[in-house]
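S.K.: What follows is a structure written as structure tokens; I'll ask about it next.
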Amino acid sequence: MCVDNRKRLLIRNKTIATGLMIGAALLFVVARLHKGQGAWEWAAAFAEAAMVGALADWFAVVALFRHPLGVPIPHTAIIKNKKDVIAGNLAEFIRDKFLATGTLIARLREYNPAEHLAVYLMSKDNAAGLAKVVTRVLADSLDFIHDERVQRLLRAALGNRLESFDLSTSAGAMLDALRKDNRHQIVLDDLLRRCAAWLATAEAQAGLANAIDTLCTKEYPLLSAFIPNRDQFAKGVGEKVAHRINAFIQEVNADPCHEVRYRFDTTVTEFIARLKSDPALRAKVETIKGEVVHNQAIADYAQSLGNDLKSWLSNDLQQPESKVQEKIGAAVAGIGTTLSYNRELQESLNAYLERLLLHHGDRLRTAVAGHISGTMQQWEIDDYTNEIELSIGSDLQFIRMNGTLVGGMIGLLLHAVSLLLG
């Protein structure tokens, strides 16, 4: 309900409650003028008790917000004088009752967020909406990054970081980690397998044959002139060379202690040690790093790539059927579908959310309580009092109305009892 409506309702209920109190007073005066004879005796009893009830409830309601008639009676203007205490108590109540970790976890388990998330993501409209938001964020991010001022800051920051970055030591540490448990031998195995697979192809063998034929023609022209069927000869030699190299590769793969593996391990170990301690190699690496960092051609190339990406993304987003949005939307829907039928994934996501809540719940609820308390304490006292009165004041006026009517009925009851006893 807007402020104007609440204010009109409060004024209306105040008018009614005050009107009932004044009406009771007028009725009491008229009844007394008739000396309480006949029915006026009952009217006087009703009006007297109604006035008492109306005045008492008027005092109680007004005392909540301000001093009655401006007189600073103790324990009045309670809401105004207890603003900070009320703010603190309200914040603690919300923190301990609404935001208690146990309560939130119980609600989280009851809600099953993973299942609801799956249903939400599977909706085509929701997936499309999320895709639109993501692509718009990407486009806006590109606009921000390509601002000339941001570019200057990024270049300066990146340049400073790269200048101070010890590439040799970091590369040595990374290679050392890769070498742990002979994992570098796995890399060698993969390289050898790929080489063997390539040599087994007709394309590779034809290339070897051409290379051999060229070598013979160039280095041994006289001998090559006496070789019959040079094409067939070169082809056969190429196949044999490929087979021999393949056989050697298989031999290395089959023998964990092969000489090649030993030499490879030694080379890698020595190179790592040199990266960490050899001044000449470290200086060379730093020189290469400096040339790359300060190479304007590389910087221009990177900027042109960014501009091309921005232009492509902007053009795509302007299309009625954006390919980027379509792909992102399909990916989002796919995630939702996978989450919907994979019960283990749902349980894992829910468990992760519970861990987050357990880990951050106390800080979160304390922060919320602090925000509520701090915000209320910063309010102007009059604004704070008026806001609460607008929120509950119109309902409190019914207490005044009921006090007037109930007081009058009690007055009638007591008058009847006095007649019976008297």
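In the structure tokens, the first chain shown is A, the next is B, and so on; residue numbers restart at 1 for each chain, and ligands run from 1 in the order shown.
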Please list as a PyMOL selection string every residue within 6 Å of segment 270-283 of chain A, counting only C-alpha atoms and excluding residues in the same chain fewer than 4 positions away.

M.R.: chain A and resi 168-169+172

S.K.: Find the spatial neighbours of Thr76 of chain A, counting only C-alpha atoms, within a cut-off of 8 Å - ignore same-chain residues fewer than 6 positions away - and output them as a list of chain:residue names.

M.R.: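 My list of contacting residues is A:Ala63, A:Leu64, A:Phe65, A:Arg66, A:His67, A:Pro68.
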
S.K.: Grab the residues selected above and save them as a PDB file, in the first residue's frame with C-alpha atoms.

M.R.:
ATOM      1  CA  ALA A  63       1.943   7.101  24.258  1.00  0.00           C
ATOM      2  CA  LEU A  64       3.452   4.610  21.831  1.00  0.00           C
ATOM      3  CA  PHE A  65       4.422   7.356  19.379  1.00  0.00           C
ATOM      4  CA  ARG A  66       4.605  10.662  21.272  1.00  0.00           C
ATOM      5  CA  HIS A  67       3.922  12.423  24.576  1.00  0.00           C
ATOM      6  CA  PRO A  68       0.148  12.805  25.114  1.00  0.00           C
TER       7      PRO A  68
END

S.K.: Could you pull the residues within 12 Å of Ala44 of chain A, counting only C-alpha atoms, minus those fewer than 2 positions along the same chain, as an NGL selection string?

M.R.: :A and (24-42 or 46-51 or 408-409 or 411-412 or 415)

S.K.: List the spatial neighbours of Ser373 of chain A as a list in words - criterion: any atom at most 8 Å away, only C-alpha atoms, same-chain residues fewer than 4 positions off excluded.

M.R.: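 Near Ser373 of chain A, the qualifying residues are Asp84, Ala87, Gly88, Leu90, Ala91, Ala369 and Gln377 of chain A.
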
S.K.: Using C-alpha atoms, can you export the residues from the last selection as a PDB file, in the first residue's frame?

M.R.:
ATOM      1  CA  ASP A  84      18.011   2.237  18.886  1.00  0.00           C
ATOM      2  CA  ALA A  87      16.352  -1.510  15.975  1.00  0.00           C
ATOM      3  CA  GLY A  88      18.778  -3.804  17.799  1.00  0.00           C
ATOM      4  CA  LEU A  90      14.398  -6.361  15.696  1.00  0.00           C
ATOM      5  CA  ALA A  91      17.719  -7.134  14.013  1.00  0.00           C
ATOM      6  CA  ALA A 369      21.213  -7.972  11.208  1.00  0.00           C
ATOM      7  CA  GLN A 377      19.444   3.813  13.712  1.00  0.00           C
TER       8      GLN A 377
END
